[in-house]
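Below is final_15.cif, which holds mmCIF, C-alpha atoms.
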```
data_my_file
loop_
_atom_site.label_atom_id
_atom_site.label_comp_id
_atom_site.auth_asym_id
_atom_site.auth_seq_id
_atom_site.Cartn_x
_atom_site.Cartn_y
_atom_site.Cartn_z
CA MET A 1 9.69 -17.24 -15.10
CA ASN A 2 8.33 -14.85 -17.69
CA LEU A 3 8.64 -11.28 -16.36
CA ASP A 4 5.73 -10.19 -18.56
CA ASP A 5 3.39 -12.35 -16.44
CA TYR A 6 3.72 -9.98 -13.45
CA VAL A 7 3.28 -6.35 -12.45
CA TRP A 8 6.37 -4.58 -11.18
CA PRO A 9 6.74 -1.47 -8.98
CA ASP A 10 9.47 -0.03 -11.18
CA SER A 11 7.30 -0.11 -14.31
CA ASP A 12 3.67 -0.26 -13.09
CA ASN A 13 1.60 1.66 -10.55
CA THR A 14 1.21 -1.15 -8.04
CA LEU A 15 -0.98 1.03 -5.81
CA LEU A 16 -3.60 0.30 -8.47
CA ALA A 17 -2.81 -3.41 -8.31
CA PHE A 18 -3.28 -4.04 -4.59
CA SER A 19 -5.39 -2.81 -1.70
CA TYR A 20 -4.47 -2.89 1.96
CA ASP A 21 -6.65 -3.29 5.04
CA ALA A 22 -6.47 -2.80 8.80
CA GLN A 23 -5.86 -6.51 9.40
CA GLY A 24 -2.57 -6.39 7.48
CA ARG A 25 -3.88 -8.04 4.34
CA VAL A 26 -2.77 -7.20 0.84
CA LEU A 27 -5.49 -8.00 -1.67
CA PRO A 28 -5.42 -7.95 -5.46
CA ASN A 29 -7.53 -5.18 -6.98
CA LYS A 30 -9.52 -7.05 -9.58
CA ILE A 31 -10.86 -3.92 -11.25
CA HIS A 32 -8.79 -4.13 -14.41
CA ALA A 33 -9.10 -6.04 -17.66
CA GLU A 34 -8.76 -9.79 -17.19
CA PRO A 35 -5.19 -10.10 -18.52
CA ILE A 36 -4.01 -7.46 -16.01
CA ASN A 37 -6.05 -9.03 -13.18
CA ARG A 38 -4.30 -12.32 -13.91
CA LYS A 39 -0.88 -10.65 -13.74
CA ILE A 40 -1.82 -8.96 -10.45
CA GLU A 41 -2.91 -12.27 -8.95
CA THR A 42 0.23 -14.02 -10.23
CA THR A 43 2.36 -11.31 -8.57
CA TRP A 44 0.30 -11.53 -5.34
CA LEU A 45 0.87 -15.28 -5.12
CA ALA A 46 4.52 -15.27 -6.25
CA LEU A 47 5.54 -12.66 -3.68
CA GLY A 48 3.57 -14.33 -0.90
CA LEU A 49 1.43 -11.25 -0.41
CA ASN A 50 -1.48 -13.66 0.09
CA LYS A 51 -0.06 -14.87 3.43
CA HIS A 52 -2.32 -13.98 6.37
CA PRO A 53 -3.60 -15.94 9.38
CA ASP A 54 -7.18 -15.35 8.20
CA ASP A 55 -7.35 -17.60 5.16
CA GLN A 56 -11.07 -17.07 4.54
CA ILE A 57 -10.40 -14.96 1.46
CA ASN A 58 -9.97 -16.96 -1.72
CA GLY A 59 -6.28 -17.46 -2.42
CA GLN A 60 -5.03 -16.52 1.06
CA GLN A 61 -2.73 -18.92 2.83
CA ILE A 62 -1.59 -19.24 6.42
CA PRO A 63 1.94 -17.81 6.70
CA SER A 64 4.81 -19.69 8.27
CA SER A 65 5.56 -18.81 11.89
CA LYS A 66 8.50 -16.72 10.66
CA ASP A 67 6.51 -14.70 8.11
CA LYS A 68 5.26 -11.69 10.07
CA ARG A 69 4.77 -9.32 7.14
CA TRP A 70 1.01 -9.25 7.71
CA LEU A 71 1.59 -8.31 11.37
CA HIS A 72 4.00 -5.54 10.42
CA ARG A 73 1.43 -4.14 7.98
CA GLN A 74 -1.25 -4.37 10.67
CA GLN A 75 0.97 -2.49 13.13
CA ALA A 76 1.77 0.13 10.48
CA TRP A 77 -1.96 0.56 9.87
CA GLN A 78 -2.63 1.03 13.59
CA ASN A 79 0.19 3.55 13.84
CA ALA A 80 -0.96 5.48 10.77
CA SER A 81 -4.58 5.46 12.01
CA LYS A 82 -3.50 6.80 15.39
CA ARG A 83 -1.55 9.62 13.72
CA LYS A 84 -4.54 10.40 11.50
CA SER A 85 -6.78 10.70 14.58
CA GLN A 86 -4.23 12.93 16.30
CA LEU A 87 -4.06 15.10 13.21
CA ALA A 88 -7.85 15.43 13.19
CA ALA A 89 -7.75 16.58 16.82
CA PHE A 90 -4.91 19.05 16.26
CA ASP A 91 -3.90 19.84 12.71
CA SER A 92 -0.72 21.81 12.21
CA GLU A 93 2.13 22.08 9.74
CA GLU A 94 4.48 20.70 12.38
CA ARG A 95 2.29 17.68 13.12
CA ARG A 96 1.97 16.88 9.41
CA ALA A 97 5.77 17.03 9.04
CA GLU A 98 6.21 14.77 12.09
CA ILE A 99 3.79 12.21 10.64
CA VAL A 100 5.69 12.12 7.35
CA GLU A 101 8.96 11.70 9.23
CA MET A 102 7.47 8.81 11.21
CA ALA A 103 6.18 7.19 8.01
CA LEU A 104 9.64 7.47 6.47
CA GLN A 105 11.23 5.84 9.51
CA ARG A 106 8.70 3.02 9.74
CA GLY A 107 8.02 2.33 6.07
CA PHE A 108 4.89 0.73 4.63
CA TRP A 109 4.22 3.60 2.26
CA SER A 110 1.18 1.88 0.72
CA VAL A 111 -0.44 1.50 4.13
CA TRP A 112 0.10 5.19 4.98
CA MET A 113 -1.26 6.20 1.56
CA THR A 114 -4.35 4.08 2.16
CA VAL A 115 -4.99 5.33 5.70
CA PHE A 116 -4.64 8.95 4.52
CA GLN A 117 -6.65 8.35 1.33
CA ASP A 118 -9.00 11.27 2.10
CA ASP A 119 -6.21 13.77 2.86
CA ALA A 120 -4.64 14.94 -0.39
CA ASP A 121 -2.12 17.13 1.43
CA MET A 122 -0.76 14.22 3.49
CA ARG A 123 -0.67 11.97 0.44
CA ARG A 124 1.20 14.65 -1.51
CA ARG A 125 3.72 14.88 1.33
CA LEU A 126 4.15 11.09 1.41
CA ILE A 127 4.61 10.96 -2.37
CA GLU A 128 7.26 13.69 -2.17
CA ALA A 129 9.05 12.27 0.88
CA PHE A 130 9.52 8.61 -0.02
CA PRO A 131 12.54 8.17 -2.30
CA GLY A 132 11.81 6.47 -5.59
CA THR A 133 8.09 7.22 -5.62
CA ALA A 134 7.02 7.84 -9.22
CA LYS A 135 5.13 11.13 -9.09
CA ALA A 136 3.74 10.49 -12.57
CA CYS A 137 1.64 7.68 -11.05
CA PHE A 138 -0.68 10.22 -9.39
CA ASP A 139 -3.04 12.89 -10.60
CA GLU A 140 -3.23 16.43 -9.18
CA ASN A 141 -5.50 15.12 -6.37
CA THR A 142 -3.00 12.37 -5.44
CA GLN A 143 -5.23 9.62 -6.84
CA PRO A 144 -3.33 6.78 -8.48
CA ILE A 145 -3.33 6.69 -12.27
CA GLN A 146 -1.71 4.38 -14.80
CA ARG A 147 2.04 4.73 -14.84
CA PRO A 148 3.24 6.20 -18.15
CA GLY A 149 4.51 3.29 -20.22
CA GLY A 150 3.26 0.75 -17.68
CA GLN A 151 0.54 -1.90 -17.81
CA ILE A 152 -1.29 -0.19 -14.94
#
```
Represent the structure from my file as structure tokens, please.
Amino acid sequence: MNLDDYVWPDSDNTLLAFSYDAQGRVLPNKIHAEPINRKIETTWLALGLNKHPDDQINGQQIPSSKDKRWLHRQQAWQNASKRKSQLAAFDSEERRAEIVEMALQRGFWSVWMTVFQDDADMRRRLIEAFPGTAKACFDENTQPIQRPGGQI
């Protein structure tokens, strides 16, 4: 295994490498130069992020009966979407803090960041709250940018 053939969350901004959807899929973002796209796809396959019951997308594979990661992401998406709707109905400082606390307890930071992609305040709170999140991977509007010193 050559470590240079992959993207890594401790050296790259992997929020730029992958996208997440409501069905629990993780998909490679093929928006980069070809060498980086190849590394993203290699990482996607090596980590089994391509496992999902819907194998209609090129490269996806049916997971084993024990691999429920896709289902956990789908449930996280549903939970985050529900909280986003509740926030739209009644926005308050307290509700925003409760949502961040729930996200911390449940995990799936990338899913929460995707669901709240149009709410810079919530994204800022998520970036601040999750330990180990590299703040330098985001611009002032919480949009992902290349990690300093990283490939992406």
task = Would you write out, as a list in words, every residue that the PyMOL selection byres ((chain A and resi 39-46) around 7) captures in this file?
result =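 Checked against the file, the PyMOL selection byres ((chain A and resi 39-46) around 7) matches Asp5, Tyr6, Val7, Ala17, Pro28, Pro35, Ile36, Asn37, Arg38, Leu47, Gly48, Leu49 and Asn50 of chain A.
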ask   = Mind telling me what the PyMOL selection byres ((chain A and resi 64) around 12) catches here, as a list in words?
value = Gly48, Asn50, Lys51, His52, Pro53, Gln61, Ile62, Pro63, Ser65, Lys66, Asp67, Lys68, Arg69 and Trp70 of chain A
task = Go ahead and compute the interatomic distance for CA of Gly24 (chain A) and CA of Ile57 (chain A), in Å to one decimal.
result =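 Value for the CA of Gly24 (chain A)-CA of Ile57 (chain A) distance: 13.1 Å.
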note = Students should find that CA of Trp109 (chain A) and CA of Asp54 (chain A) are spaced 22.9 Å
Distance criterion (only C-alpha atoms): nearest to Arg83 (chain A) out of A:Val111, A:Pro148, A:Ile99, A:Gln143 = A:Ile99
inquiry  = Around the point (-1.7, 12.8, 0.2) (coordinates from the file), which residues reach within 12 Å if we count only C-alpha atoms? Answer as a ChimeraX atom specification.
reply    = /A:84,96,99-100,109-110,112-130,135,138-144
Export C-alpha atoms of the chosen residues as a compact mmCIF listing (two decimals), keeping the file's coordinate frame?
```txt
# COMPACT_ATOMS: atom_id res chain seq x y z
CA LYS A 84 -4.54 10.40 11.50
CA ARG A 96 1.97 16.88 9.41
CA ILE A 99 3.79 12.21 10.64
CA VAL A 100 5.69 12.12 7.35
CA TRP A 109 4.22 3.60 2.26
CA SER A 110 1.18 1.88 0.72
CA TRP A 112 0.10 5.19 4.98
CA MET A 113 -1.26 6.20 1.56
CA THR A 114 -4.35 4.08 2.16
CA VAL A 115 -4.99 5.33 5.70
CA PHE A 116 -4.64 8.95 4.52
CA GLN A 117 -6.65 8.35 1.33
CA ASP A 118 -9.00 11.27 2.10
CA ASP A 119 -6.21 13.77 2.86
CA ALA A 120 -4.64 14.94 -0.39
CA ASP A 121 -2.12 17.13 1.43
CA MET A 122 -0.76 14.22 3.49
CA ARG A 123 -0.67 11.97 0.44
CA ARG A 124 1.20 14.65 -1.51
CA ARG A 125 3.72 14.88 1.33
CA LEU A 126 4.15 11.09 1.41
CA ILE A 127 4.61 10.96 -2.37
CA GLU A 128 7.26 13.69 -2.17
CA ALA A 129 9.05 12.27 0.88
CA PHE A 130 9.52 8.61 -0.02
CA LYS A 135 5.13 11.13 -9.09
CA PHE A 138 -0.68 10.22 -9.39
CA ASP A 139 -3.04 12.89 -10.60
CA GLU A 140 -3.23 16.43 -9.18
CA ASN A 141 -5.50 15.12 -6.37
CA THR A 142 -3.00 12.37 -5.44
CA GLN A 143 -5.23 9.62 -6.84
CA PRO A 144 -3.33 6.78 -8.48
```
ask   = Mind pulling up the distance from CA of His72 (chain A) to CA of Asp55 (chain A)?
value =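 CA of Asp55 (chain A) sits 17.4 Å away from CA of His72 (chain A).
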ask   = Taking into account all atoms listed in the file, which residue in the set A:Ala88, A:Asp21, A:Leu27, A:Glu93 is nearest to Arg73 (chain A)?
value =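 The answer is A:Asp21, which sits nearest to Arg73 (chain A).
The closest residue to Tyr20 (chain A), picked from A:Leu3, A:Ala33, A:Leu104, A:Ala76 and counting all atoms listed in the file, is A:Ala76.
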ask   = Taking the file as shown, what set of residues would the PyMOL selection byres ((chain A and resi 152) around 7) give back, as number ranges by chain?
value = A: 12-13, 16, 146-147, 150-151
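Among A:Leu15, A:Cys137, A:Ser81, A:Gly149, the residue with the shortest atom-to-atom distance to Ala103 (chain A), counting all atoms listed in the file, is A:Ser81.
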task = Check the smallest atom-to-atom distance from each of A:Glu94, A:Gln86, A:Trp77, A:His32 to Gly107 (chain A) using all atoms listed in the file, then report the winner.
result =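 Going through A:Glu94, A:Gln86, A:Trp77, A:His32 one by one, the smallest distance to Gly107 (chain A) is for A:Trp77.
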